[in-house]
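Coordinates as given in coords27.csv (CSV, C-alpha atoms):
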chain,number,residue,atom,x,y,z
A,125,MET,CA,-30.9,-81.6,-2.4
A,126,SER,CA,-28.5,-79.3,-0.7
A,127,PRO,CA,-28.7,-75.5,-1.2
A,128,LEU,CA,-25.3,-75.6,-3.0
A,129,SER,CA,-26.6,-78.3,-5.4
A,130,VAL,CA,-29.8,-76.3,-6.1
A,131,LEU,CA,-27.7,-73.2,-6.8
A,132,ARG,CA,-25.4,-75.1,-9.1
A,133,VAL,CA,-28.3,-76.6,-11.1
A,134,ALA,CA,-29.9,-73.2,-11.4
A,135,LEU,CA,-26.7,-71.5,-12.6
A,136,ARG,CA,-26.2,-74.2,-15.2
A,137,ALA,CA,-29.7,-73.7,-16.5
A,138,LEU,CA,-29.1,-69.9,-16.8
A,139,VAL,CA,-25.7,-70.3,-18.5
A,140,ARG,CA,-27.3,-72.5,-21.2
A,141,ASN,CA,-29.4,-69.5,-22.3
A,142,LYS,CA,-27.0,-66.5,-21.9
A,143,MET,CA,-28.8,-64.2,-24.3
A,144,ARG,CA,-32.2,-64.9,-22.8
A,145,ALA,CA,-30.8,-64.3,-19.3
A,146,GLY,CA,-29.1,-61.1,-20.3
A,147,LEU,CA,-32.3,-59.7,-21.9
A,148,THR,CA,-34.3,-60.7,-18.9
A,149,THR,CA,-32.1,-58.8,-16.5
A,150,LEU,CA,-32.2,-55.7,-18.6
A,151,GLY,CA,-35.4,-54.5,-17.1
A,152,VAL,CA,-34.0,-54.9,-13.6
A,153,VAL,CA,-30.8,-53.1,-14.7
A,154,ILE,CA,-32.7,-50.2,-16.0
A,155,GLY,CA,-35.0,-50.0,-12.9
A,156,VAL,CA,-32.2,-50.2,-10.3
A,157,GLY,CA,-29.9,-47.9,-12.4
A,158,ALA,CA,-32.7,-45.3,-12.7
A,159,VAL,CA,-33.5,-45.4,-9.0
A,160,VAL,CA,-29.8,-45.0,-7.9
A,161,ALA,CA,-29.1,-42.3,-10.5
A,162,MET,CA,-32.2,-40.3,-9.7
A,163,VAL,CA,-31.5,-40.3,-6.0
A,164,ALA,CA,-27.8,-39.4,-6.5
A,165,ILE,CA,-28.7,-36.5,-8.9
A,166,GLY,CA,-31.4,-35.3,-6.5
A,167,GLU,CA,-29.1,-35.4,-3.5
A,168,GLY,CA,-26.4,-33.7,-5.5
A,169,ALA,CA,-28.9,-30.9,-6.4
A,170,LYS,CA,-29.8,-30.5,-2.7
A,171,ALA,CA,-26.2,-30.3,-1.8
A,172,GLN,CA,-25.6,-27.7,-4.5
A,173,VAL,CA,-28.6,-25.6,-3.2
A,174,GLN,CA,-27.3,-25.9,0.3
A,175,LYS,CA,-23.8,-24.8,-0.8
A,176,ALA,CA,-25.2,-21.9,-2.7
A,177,PHE,CA,-27.2,-20.6,0.2
A,178,GLU,CA,-24.3,-21.2,2.6
A,179,SER,CA,-22.1,-19.1,0.4
A,180,MET,CA,-24.4,-16.1,1.0
A,181,GLY,CA,-23.7,-16.4,4.7
A,182,THR,CA,-24.5,-18.6,7.7
A,183,ASP,CA,-28.1,-18.2,8.8
A,184,LEU,CA,-28.5,-15.0,6.9
A,185,ILE,CA,-31.4,-12.7,7.3
A,186,VAL,CA,-31.8,-9.7,4.9
A,187,VAL,CA,-33.7,-6.6,6.1
A,188,LEU,CA,-34.7,-4.4,3.2
A,189,PRO,CA,-36.1,-0.8,3.4
A,190,GLY,CA,-39.6,0.0,2.4
A,191,SER,CA,-40.9,1.5,-0.8
A,192,GLN,CA,-41.6,5.0,-1.9
A,193,ASN,CA,-43.7,6.7,-4.6
A,194,PHE,CA,-42.2,7.9,-7.8
A,195,GLY,CA,-44.5,10.3,-9.7
A,196,GLY,CA,-47.6,8.5,-8.2
A,197,MET,CA,-46.3,5.0,-8.8
A,198,GLN,CA,-45.5,2.8,-5.9
A,199,GLY,CA,-42.0,1.3,-5.9
A,200,GLY,CA,-41.1,-2.1,-4.5
A,201,PHE,CA,-39.3,-2.9,-1.3
A,202,GLY,CA,-35.8,-1.4,-1.3
A,203,SER,CA,-36.8,1.7,-3.3
A,204,GLY,CA,-37.2,3.8,-0.1
A,205,GLN,CA,-34.9,4.6,2.8
A,206,THR,CA,-36.8,3.6,6.0
A,207,LEU,CA,-33.9,2.0,7.8
A,208,THR,CA,-31.6,4.1,10.0
A,209,TRP,CA,-28.2,3.7,11.5
A,210,ASP,CA,-29.9,3.7,14.9
A,211,ASP,CA,-32.0,0.7,13.7
A,212,LEU,CA,-28.8,-1.1,12.9
A,213,HIS,CA,-27.3,-0.3,16.3
A,214,ALA,CA,-30.5,-1.5,18.1
A,215,ILE,CA,-30.4,-4.8,16.1
A,216,GLN,CA,-26.8,-5.3,17.1
A,217,THR,CA,-27.2,-4.6,20.8
A,218,GLU,CA,-30.8,-5.3,21.9
A,219,LEU,CA,-31.7,-8.7,20.4
A,220,SER,CA,-30.4,-11.8,22.1
A,221,ALA,CA,-30.8,-14.0,19.0
A,222,VAL,CA,-28.6,-11.9,16.8
A,223,ARG,CA,-24.9,-12.8,16.5
A,224,ALA,CA,-23.9,-9.9,14.2
A,225,ALA,CA,-25.4,-7.3,11.8
A,226,ALA,CA,-23.9,-5.2,9.1
A,227,PRO,CA,-25.1,-2.6,6.6
A,228,GLN,CA,-24.8,-3.3,2.8
A,229,LEU,CA,-24.6,-0.2,0.7
A,230,ARG,CA,-24.0,-0.9,-3.0
A,231,THR,CA,-23.3,0.8,-6.3
A,232,ASN,CA,-21.8,-0.2,-9.6
A,233,THR,CA,-18.9,1.8,-10.9
A,234,PRO,CA,-15.6,1.3,-12.8
A,235,VAL,CA,-12.4,0.8,-10.7
A,236,LEU,CA,-8.8,1.1,-11.8
A,237,GLY,CA,-5.8,-0.8,-10.5
A,238,ASP,CA,-2.3,-1.7,-11.9
A,239,GLY,CA,-3.0,0.1,-15.1
A,240,ASN,CA,-6.3,-1.8,-15.8
A,241,ASN,CA,-9.9,-0.9,-15.3
A,242,TRP,CA,-12.9,-3.1,-14.5
A,243,GLY,CA,-16.6,-2.4,-13.9
A,244,THR,CA,-17.7,-3.9,-10.6
A,245,GLN,CA,-19.9,-3.6,-7.6
A,246,VAL,CA,-18.5,-1.4,-4.8
A,247,MET,CA,-20.0,-2.1,-1.4
A,248,GLY,CA,-19.9,-0.1,1.8
A,249,THR,CA,-20.1,-2.0,5.0
A,250,THR,CA,-18.5,-2.6,8.4
A,251,ALA,CA,-16.2,-5.2,10.1
A,252,ASP,CA,-19.2,-7.4,11.1
A,253,PHE,CA,-19.9,-8.0,7.4
A,254,PHE,CA,-17.2,-10.8,7.4
A,255,VAL,CA,-18.9,-12.5,10.3
A,256,VAL,CA,-22.4,-12.2,8.9
A,257,ARG,CA,-21.3,-13.5,5.5
A,258,ASN,CA,-18.9,-16.1,7.0
A,259,TRP,CA,-16.3,-14.8,4.5
A,260,ALA,CA,-12.6,-15.3,5.2
A,261,LEU,CA,-9.7,-13.6,3.5
A,262,GLN,CA,-7.2,-15.2,1.3
A,263,PHE,CA,-4.6,-12.5,1.5
A,264,GLY,CA,-4.2,-9.4,3.8
A,265,ARG,CA,-6.7,-8.3,6.5
A,266,PRO,CA,-10.4,-7.5,6.6
A,267,LEU,CA,-12.0,-4.1,7.4
A,268,GLN,CA,-11.7,-3.2,11.1
A,269,ALA,CA,-13.8,-0.9,13.3
A,270,SER,CA,-11.1,1.8,13.2
A,271,ASP,CA,-11.4,1.8,9.4
A,272,VAL,CA,-15.1,2.4,9.6
A,273,ASP,CA,-15.0,5.0,12.4
A,274,GLY,CA,-12.1,6.9,10.7
A,275,ALA,CA,-13.6,6.7,7.2
A,276,THR,CA,-10.2,5.5,6.0
A,277,LYS,CA,-9.6,4.9,2.3
A,278,VAL,CA,-8.9,1.2,2.3
A,279,ALA,CA,-10.5,-1.6,0.2
A,280,VAL,CA,-10.9,-5.3,0.3
A,281,LEU,CA,-11.2,-7.0,-3.1
A,282,GLY,CA,-13.2,-10.0,-4.3
A,283,GLN,CA,-11.2,-12.7,-6.1
A,284,SER,CA,-12.6,-11.8,-9.6
A,285,VAL,CA,-11.7,-8.1,-9.2
A,286,ALA,CA,-8.2,-8.9,-8.1
A,287,GLU,CA,-7.6,-11.3,-11.0
A,288,GLN,CA,-9.0,-8.9,-13.6
A,289,LEU,CA,-6.8,-6.0,-12.4
A,290,TRP,CA,-3.7,-7.6,-11.1
A,291,GLY,CA,-3.7,-11.1,-12.6
A,292,GLU,CA,-2.3,-12.6,-9.4
A,293,PRO,CA,-4.6,-11.7,-6.4
A,294,ALA,CA,-1.6,-11.6,-4.0
A,295,ARG,CA,-0.1,-8.8,-5.9
A,296,ALA,CA,-3.1,-6.5,-5.2
A,297,VAL,CA,-2.4,-6.3,-1.4
A,298,GLY,CA,-0.6,-3.1,-0.6
A,299,ASP,CA,-1.2,-1.5,-4.0
A,300,VAL,CA,-3.6,1.3,-4.9
A,301,LEU,CA,-7.1,1.0,-6.3
A,302,ARG,CA,-8.9,4.0,-7.7
A,303,ILE,CA,-12.7,4.4,-7.3
A,304,LYS,CA,-14.1,7.5,-9.0
A,305,GLY,CA,-10.6,8.9,-9.2
A,306,VAL,CA,-10.0,8.5,-5.4
A,307,PRO,CA,-7.1,6.3,-4.3
A,308,TYR,CA,-7.7,3.4,-1.9
A,309,GLU,CA,-5.1,1.1,-0.3
A,310,VAL,CA,-5.9,-2.5,-1.0
A,311,ILE,CA,-5.6,-4.2,2.4
A,312,GLY,CA,-7.0,-7.7,1.6
A,313,VAL,CA,-8.4,-10.2,-1.0
A,314,LEU,CA,-11.3,-12.4,-0.1
A,315,THR,CA,-11.4,-16.2,-0.6
A,316,PRO,CA,-13.5,-17.2,-3.6
A,317,LYS,CA,-17.2,-17.8,-3.0
A,318,GLY,CA,-18.4,-18.5,-6.5
A,319,GLN,CA,-21.8,-17.8,-7.9
A,320,SER,CA,-25.2,-17.2,-6.3
A,321,PRO,CA,-28.3,-19.3,-7.1
A,322,MET,CA,-29.2,-16.6,-9.6
A,323,GLY,CA,-25.8,-16.7,-11.3
A,324,MET,CA,-24.3,-13.5,-9.8
A,325,ASP,CA,-20.6,-13.6,-9.2
A,326,TYR,CA,-20.0,-13.1,-5.4
A,327,ASP,CA,-16.3,-12.4,-6.0
A,328,ASP,CA,-16.9,-9.5,-8.3
A,329,VAL,CA,-17.0,-6.9,-5.5
A,330,VAL,CA,-15.0,-4.3,-3.7
A,331,LEU,CA,-15.6,-3.6,0.0
A,332,VAL,CA,-14.9,-0.2,1.6
A,333,PRO,CA,-15.8,1.2,5.0
A,334,ALA,CA,-19.4,2.4,5.1
A,335,LYS,CA,-18.5,6.0,6.1
A,336,THR,CA,-16.0,6.1,3.3
A,337,PHE,CA,-18.6,4.8,0.9
A,338,MET,CA,-21.1,7.5,1.8
A,339,THR,CA,-18.6,10.4,1.6
A,340,LYS,CA,-16.4,9.4,-1.3
A,341,VAL,CA,-18.5,7.0,-3.4
A,342,GLN,CA,-22.1,8.0,-2.9
A,343,GLY,CA,-21.8,11.5,-1.5
A,344,GLY,CA,-22.9,12.8,1.9
A,345,ILE,CA,-23.6,11.1,5.2
A,346,LYS,CA,-27.3,10.5,5.9
A,347,GLN,CA,-29.3,9.4,8.8
A,348,ASN,CA,-31.0,6.7,6.8
A,349,ILE,CA,-29.2,3.7,5.5
A,350,PRO,CA,-29.2,3.9,1.7
A,351,GLY,CA,-29.2,0.1,1.4
A,352,SER,CA,-30.1,-3.0,3.4
A,353,ILE,CA,-29.0,-4.7,6.7
A,354,LEU,CA,-27.6,-8.2,6.9
A,355,VAL,CA,-28.3,-10.1,10.1
A,356,ALA,CA,-26.7,-13.4,11.3
A,357,ALA,CA,-28.7,-15.5,13.8
A,358,LYS,CA,-26.8,-17.0,16.7
A,359,ASN,CA,-28.5,-20.4,16.2
A,360,GLY,CA,-29.3,-21.6,12.7
A,361,ARG,CA,-32.2,-23.6,13.9
A,362,GLU,CA,-33.8,-20.4,15.3
A,363,SER,CA,-33.4,-18.1,12.3
A,364,ALA,CA,-37.2,-17.8,12.1
A,365,ARG,CA,-37.3,-16.6,15.8
A,366,THR,CA,-34.5,-14.1,15.0
A,367,ALA,CA,-36.4,-12.7,12.1
A,368,GLN,CA,-39.5,-12.3,14.3
A,369,GLN,CA,-37.4,-10.4,16.9
A,370,VAL,CA,-36.0,-8.1,14.2
A,371,GLN,CA,-39.5,-7.5,12.9
A,372,ALA,CA,-40.9,-6.7,16.3
A,373,LEU,CA,-38.0,-4.4,17.2
A,374,LEU,CA,-38.3,-2.4,13.9
A,375,ARG,CA,-42.0,-2.1,14.2
A,376,ASP,CA,-41.6,-0.7,17.7
A,377,ARG,CA,-38.9,1.7,16.6
A,378,HIS,CA,-40.8,2.9,13.6
A,379,LYS,CA,-43.9,3.4,15.8
A,380,LEU,CA,-46.1,1.1,13.7
A,381,VAL,CA,-49.4,0.1,15.4
A,382,ASP,CA,-51.4,-3.1,14.9
A,383,GLY,CA,-52.9,-3.1,11.4
A,384,ASP,CA,-50.1,-0.9,10.0
A,385,PRO,CA,-48.1,-2.7,7.3
A,386,ASP,CA,-44.3,-3.0,7.7
A,387,ASP,CA,-42.3,-0.3,6.2
A,388,PHE,CA,-39.5,-2.8,5.6
A,389,SER,CA,-39.1,-6.3,4.4
A,390,ILE,CA,-37.3,-9.3,5.9
A,391,ARG,CA,-35.9,-12.2,3.8
A,392,ASN,CA,-35.0,-15.3,5.7
A,393,LEU,CA,-32.5,-17.2,3.5
A,394,ALA,CA,-32.6,-20.3,5.7
A,395,GLU,CA,-36.3,-20.7,5.0
A,396,MET,CA,-35.8,-20.1,1.3
A,397,ALA,CA,-33.1,-22.8,1.3
A,398,ASN,CA,-35.4,-25.2,3.1
A,399,ALA,CA,-38.2,-24.5,0.6
A,400,GLN,CA,-35.9,-25.1,-2.3
A,401,GLN,CA,-34.6,-28.3,-0.8
A,402,GLN,CA,-38.1,-29.6,-0.2
A,403,GLY,CA,-39.0,-28.9,-3.8
A,404,THR,CA,-35.9,-30.8,-4.9
A,405,GLN,CA,-36.8,-33.7,-2.6
A,406,THR,CA,-40.3,-33.9,-4.0
A,407,LEU,CA,-39.0,-34.0,-7.5
A,408,THR,CA,-36.5,-36.7,-6.5
A,409,MET,CA,-39.3,-38.8,-5.0
A,410,LEU,CA,-41.4,-38.4,-8.2
A,411,LEU,CA,-38.5,-39.6,-10.3
A,412,MET,CA,-37.9,-42.5,-8.0
A,413,ALA,CA,-41.5,-43.5,-8.3
A,414,ILE,CA,-41.2,-43.5,-12.1
A,415,ALA,CA,-38.0,-45.5,-11.9
A,416,ALA,CA,-39.7,-48.0,-9.6
A,417,VAL,CA,-42.1,-48.8,-12.4
A,418,SER,CA,-39.1,-50.0,-14.5
A,419,LEU,CA,-38.3,-52.4,-11.7
A,420,LEU,CA,-41.9,-53.8,-11.8
A,421,VAL,CA,-41.6,-54.1,-15.6
A,422,GLY,CA,-38.4,-56.0,-15.1
A,423,GLY,CA,-40.1,-58.3,-12.6
A,424,ILE,CA,-42.9,-59.0,-15.1
A,425,GLY,CA,-40.2,-59.8,-17.7
A,426,ILE,CA,-38.6,-62.3,-15.3
A,427,MET,CA,-41.9,-64.0,-14.6
A,428,ASN,CA,-42.7,-64.3,-18.4
A,429,ILE,CA,-39.3,-65.8,-19.1
A,430,MET,CA,-39.5,-68.2,-16.2
A,431,LEU,CA,-42.9,-69.4,-17.4
A,432,VAL,CA,-41.5,-70.0,-20.9
A,433,SER,CA,-38.6,-71.8,-19.2
A,434,VAL,CA,-41.0,-74.1,-17.3
A,435,THR,CA,-42.8,-75.0,-20.5
A,436,GLU,CA,-39.5,-75.7,-22.4
A,437,ARG,CA,-38.1,-77.8,-19.5
A,438,THR,CA,-41.2,-79.9,-18.7
A,439,ARG,CA,-39.5,-83.2,-19.7
A,440,GLU,CA,-36.4,-82.2,-17.7
A,441,ILE,CA,-38.6,-81.5,-14.6
A,442,GLY,CA,-40.3,-84.9,-15.1
A,443,VAL,CA,-36.9,-86.7,-15.3
A,444,ARG,CA,-35.7,-85.0,-12.2
A,445,MET,CA,-38.8,-85.9,-10.3
A,446,ALA,CA,-38.6,-89.5,-11.6
A,447,VAL,CA,-35.1,-89.9,-10.2
A,448,GLY,CA,-36.1,-88.6,-6.8
A,449,ALA,CA,-36.3,-84.8,-6.8
A,450,ARG,CA,-39.0,-83.5,-4.6
A,451,PRO,CA,-41.4,-80.7,-5.6
A,452,VAL,CA,-39.7,-78.4,-3.1
A,453,ASP,CA,-36.4,-79.0,-4.9
A,454,VAL,CA,-37.9,-78.0,-8.2
A,455,LEU,CA,-39.6,-75.0,-6.5
A,456,LEU,CA,-36.2,-73.9,-5.0
A,457,GLN,CA,-34.4,-74.3,-8.3
A,458,PHE,CA,-36.7,-72.0,-10.3
A,459,LEU,CA,-36.8,-69.5,-7.4
A,460,VAL,CA,-33.0,-69.4,-7.3
A,461,GLU,CA,-32.9,-68.9,-11.0
A,462,SER,CA,-35.3,-65.9,-10.8
A,463,LEU,CA,-33.5,-64.5,-7.7
A,464,THR,CA,-30.1,-64.8,-9.4
A,465,LEU,CA,-31.4,-63.0,-12.5
A,466,SER,CA,-32.8,-60.1,-10.4
A,467,VAL,CA,-29.7,-59.8,-8.1
A,468,ILE,CA,-27.3,-59.8,-11.0
A,469,GLY,CA,-29.5,-57.2,-12.7
A,470,GLY,CA,-29.5,-55.2,-9.5
A,471,ALA,CA,-25.7,-55.3,-9.1
A,472,ILE,CA,-25.2,-54.2,-12.7
A,473,GLY,CA,-27.9,-51.5,-12.3
A,474,VAL,CA,-26.0,-50.0,-9.3
A,475,GLY,CA,-22.9,-49.6,-11.5
A,476,VAL,CA,-24.9,-48.1,-14.3
A,477,GLY,CA,-26.8,-45.8,-12.0
A,478,VAL,CA,-23.7,-44.5,-10.2
A,479,GLY,CA,-21.9,-44.0,-13.5
A,480,GLY,CA,-24.8,-42.3,-15.1
A,481,ALA,CA,-25.3,-40.0,-12.1
A,482,TRP,CA,-21.6,-39.1,-12.1
A,483,LEU,CA,-21.7,-38.2,-15.8
A,484,LEU,CA,-24.8,-36.0,-15.5
A,485,THR,CA,-23.7,-34.2,-12.3
A,486,ALA,CA,-20.3,-33.6,-13.7
A,487,LYS,CA,-22.0,-32.0,-16.7
A,488,PHE,CA,-24.1,-29.7,-14.5
A,489,GLY,CA,-21.3,-29.0,-12.1
A,490,TRP,CA,-23.1,-30.6,-9.1
A,491,PRO,CA,-21.6,-32.9,-6.5
A,492,THR,CA,-22.4,-36.6,-6.9
A,493,VAL,CA,-24.0,-37.9,-3.6
A,494,VAL,CA,-24.4,-41.7,-3.6
A,495,ARG,CA,-26.4,-43.0,-0.7
A,496,PRO,CA,-25.4,-46.5,0.4
A,497,ASP,CA,-28.9,-47.0,2.0
A,498,VAL,CA,-30.6,-46.3,-1.3
A,499,ILE,CA,-28.3,-48.8,-3.1
A,500,ALA,CA,-29.1,-51.5,-0.5
A,501,ILE,CA,-32.8,-50.8,-0.8
A,502,ALA,CA,-32.7,-50.9,-4.6
A,503,VAL,CA,-30.8,-54.2,-4.7
A,504,GLY,CA,-33.0,-55.7,-1.9
A,505,PHE,CA,-36.1,-54.6,-3.8
A,506,SER,CA,-34.8,-56.1,-7.0
A,507,ALA,CA,-34.2,-59.4,-5.1
A,508,LEU,CA,-37.7,-59.2,-3.7
A,509,ILE,CA,-39.1,-58.7,-7.2
A,510,GLY,CA,-37.2,-61.8,-8.3
A,511,VAL,CA,-38.7,-63.9,-5.6
A,512,GLY,CA,-42.2,-62.4,-5.9
A,513,PHE,CA,-42.4,-62.7,-9.7
A,514,GLY,CA,-40.6,-66.0,-9.8
A,515,LEU,CA,-42.8,-67.7,-7.2
A,516,TYR,CA,-45.7,-68.4,-9.6
A,517,PRO,CA,-43.5,-70.1,-12.3
A,518,ALA,CA,-41.7,-72.0,-9.6
A,519,ARG,CA,-44.9,-73.3,-8.0
A,520,ARG,CA,-46.2,-74.2,-11.4
A,521,ALA,CA,-43.1,-76.2,-12.1
A,522,ALA,CA,-43.2,-77.9,-8.7
A,523,ALA,CA,-46.9,-78.9,-9.3
A,524,LEU,CA,-46.2,-80.8,-12.5
A,525,ASP,CA,-47.2,-84.5,-12.6
A,526,PRO,CA,-44.0,-86.5,-13.2
A,527,ILE,CA,-45.8,-88.9,-15.5
A,528,GLN,CA,-47.4,-86.1,-17.6
A,529,ALA,CA,-44.1,-84.3,-17.7
A,530,LEU,CA,-42.2,-87.3,-19.1
A,531,ARG,CA,-44.8,-87.6,-21.8
A,532,TYR,CA,-44.6,-84.0,-22.7
A,533,GLU,CA,-43.2,-83.3,-26.2

Could the structure of this file be written out as structure tokens, please?
Amino acid sequence: MSPLSVLRVALRALVRNKMRAGLTTLGVVIGVGAVVAMVAIGEGAKAQVQKAFESMGTDLIVVLPGSQNFGGMQGGFGSGQTLTWDDLHAIQTELSAVRAAAPQLRTNTPVLGDGNNWGTQVMGTTADFFVVRNWALQFGRPLQASDVDGATKVAVLGQSVAEQLWGEPARAVGDVLRIKGVPYEVIGVLTPKGQSPMGMDYDDVVLVPAKTFMTKVQGGIKQNIPGSILVAAKNGRESARTAQQVQALLRDRHKLVDGDPDDFSIRNLAEMANAQQQGTQTLTMLLMAIAAVSLLVGGIGIMNIMLVSVTERTREIGVRMAVGARPVDVLLQFLVESLTLSVIGGAIGVGVGVGGAWLLTAKFGWPTVVRPDVIAIAVGFSALIGVGFGLYPARRAAALDPIQALRYE
């Protein structure tokens, strides 16, 4: 028989038992759908994690000051003031792996603008902050070196602050913002960055020149930096080497000898992002393994149904052999039937998986990342299962004795 004739006979046999064929493919549909959905959700979660860390800044390294004692109790990193402005200058000028560095001085205080007030985070920094955080402006201009050197009273607003005070962010530029009663000219509004991985609103911030912050907001200019230092690596693939250079430089400047603990702390956000993504990938692989079990269950279902079909169609097989059908024709017919069931189930499963992933990721606010290679592998694996689990029933049908088959009741 020609392949087309084998396919036609196989499809006719499946159409005669629509309900049985549909239930048989259900296991494959669930298996393939689960694999596609789990991978799409996992890839979407990885993309969301990557987006969250990128919003902090490109290849960002955070240098925190050390700790200090409070009444005999040791505080954590950041509670002391062990970083100096000279340390910042050395990081900016002496390290080849550093692209830019900026201080980050923070306090929470109410601000007033356009007759409204809003409690927000006021941050003192320099012009390099926008490079380090990879943060562009939506309206106006950023802080400049002249603003920092001259301790001018200017401010750049985050999107949330501008919306809360002015309603329309564009209206804020050129107007006056008051911080602790002191007027500041609003010179710019930042583009929205959204939330951090911990749920903090990046856009709920007001940026002012570092010197202005220390004299007008915090009070007094100090030799030590009352905050942290943000460092951007020149090459994202070498952020670990950049962190090592910063550590070595600060240890040398702080005159720490071998064996002395660091009086500062370095957080490499690129490494944190990689660790988070690896954890997500491990969970995705685990879910894929569980989903693959559904495919195997679907394959067993196909084998069981095909065995029942062989038993029910024994006389039909005998008649076909009596009129000239070869054992290989019978073998191919049942293989094509099982393969058709698994491929149809795989195709439906892809649609179910993509749709389910889209619904779940939309609920979580994640992007839906559908990988064509995973779809191809899932459908190919379902076809392989159809052939593998359909082979035994097909061989059993092909091995029937025509005379015994014709006598079968």

- Give me the residues within 7 Å of Gln228 (chain A) as a ChimeraX atom specification, counting only C-alpha atoms and dropping any in the same chain fewer than 6 places off. /A:247-249,351-354

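Residue nearest Gly305 (chain A) within the list A:Gly237, A:Gly470, A:Gly479, A:Pro517: A:Gly237 [criterion: smallest interatomic distance, all atoms listed in the file].
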
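Between CA of Ala334 (chain A) and CA of Tyr308 (chain A) the interatomic distance comes to 13.7 Å.
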
- Query: Smallest atom-to-atom distance to Val498 (chain A): which of A:Val163, A:Val235, A:Leu212, A:Val285, using only C-alpha atoms?
  - Reply: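 When distances to Val498 (chain A) are compared using only C-alpha atoms, the smallest one comes from A:Val163.
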
- Task: Figure out the distance between CA of Lys317 (chain A) and CA of Thr366 (chain A), please, to one decimal in Å.
- Result: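 CA of Lys317 (chain A) lies at a distance of 25.2 Å from CA of Thr366 (chain A).
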
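Across the model, the gap from CA of Leu483 (chain A) to CA of Gly318 (chain A) is 22.0 Å.
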
- One residue among A:Pro496, A:Gly504, A:Pro491, A:Pro451 is nearest to Ala518 (chain A) when using only C-alpha atoms, and that residue is A:Pro451

- Item | For Arg391 (chain A): contacts at 12 Å, all atoms listed in the file, fewer than 5 positions along chain excluded, given as an MDAnalysis selection string | chainID A and resid 183:189 201:202 352:356 363:364 366:368 370:371 396:397

So that I can see what lies close to Gly146 (chain A), please list as a short mmCIF file (atom, residue, chain, number, x, y, z; two decimals) with C-alpha atoms, in the coordinates of the input the residues with an atom at most 9 Å from it, counting all atoms listed in the file and leaving out residues fewer than 4 positions away in the same chain.
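Dumped to part07.cif:
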data_model
loop_
_atom_site.label_atom_id
_atom_site.label_comp_id
_atom_site.auth_asym_id
_atom_site.auth_seq_id
_atom_site.Cartn_x
_atom_site.Cartn_y
_atom_site.Cartn_z
CA ASN A 141 -29.40 -69.50 -22.30
CA LYS A 142 -27.00 -66.50 -21.90
CA LEU A 150 -32.20 -55.70 -18.60
CA LEU A 465 -31.40 -63.00 -12.50
CA GLY A 469 -29.50 -57.20 -12.70
#

- Query: Of the candidates A:Val330, A:Thr149, A:Leu267, A:Met162, which shows the shortest atom-to-atom distance to Ile499 (chain A), using all atoms listed in the file?
  - Reply: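 Nearest to Ile499 (chain A): A:Met162.
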
Working from the structure I just supplied, which lacks atoms in region 440-451 of chain A, can you model N, CA and C atoms there and output them as a tab-separated table (two decimals), in the coordinates of the input?
chain	number	residue	atom	x	y	z
A	440	GLU	N	-37.49	-82.19	-18.63
A	440	GLU	CA	-36.40	-82.20	-17.70
A	440	GLU	C	-36.90	-82.25	-16.24
A	441	ILE	N	-37.98	-81.51	-15.98
A	441	ILE	CA	-38.60	-81.50	-14.60
A	441	ILE	C	-39.11	-82.92	-14.32
A	442	GLY	N	-39.74	-83.54	-15.34
A	442	GLY	CA	-40.30	-84.90	-15.10
A	442	GLY	C	-39.17	-85.89	-14.84
A	443	VAL	N	-38.04	-85.79	-15.56
A	443	VAL	CA	-36.90	-86.70	-15.30
A	443	VAL	C	-36.37	-86.51	-13.92
A	444	ARG	N	-36.21	-85.24	-13.49
A	444	ARG	CA	-35.70	-85.00	-12.20
A	444	ARG	C	-36.57	-85.55	-11.08
A	445	MET	N	-37.88	-85.40	-11.27
A	445	MET	CA	-38.80	-85.90	-10.30
A	445	MET	C	-38.80	-87.47	-10.29
A	446	ALA	N	-38.62	-88.03	-11.49
A	446	ALA	CA	-38.60	-89.50	-11.60
A	446	ALA	C	-37.42	-90.11	-10.89
A	447	VAL	N	-36.29	-89.38	-10.83
A	447	VAL	CA	-35.10	-89.90	-10.20
A	447	VAL	C	-34.99	-89.49	-8.73
A	448	GLY	N	-36.07	-88.89	-8.19
A	448	GLY	CA	-36.10	-88.60	-6.80
A	448	GLY	C	-36.18	-87.18	-6.31
A	449	ALA	N	-36.19	-86.24	-7.25
A	449	ALA	CA	-36.30	-84.80	-6.80
A	449	ALA	C	-37.69	-84.55	-6.28
A	450	ARG	N	-37.73	-83.84	-5.18
A	450	ARG	CA	-39.00	-83.50	-4.60
A	450	ARG	C	-39.56	-82.21	-5.18
A	451	PRO	N	-40.87	-81.97	-5.05
A	451	PRO	CA	-41.40	-80.70	-5.60
A	451	PRO	C	-40.76	-79.48	-4.99
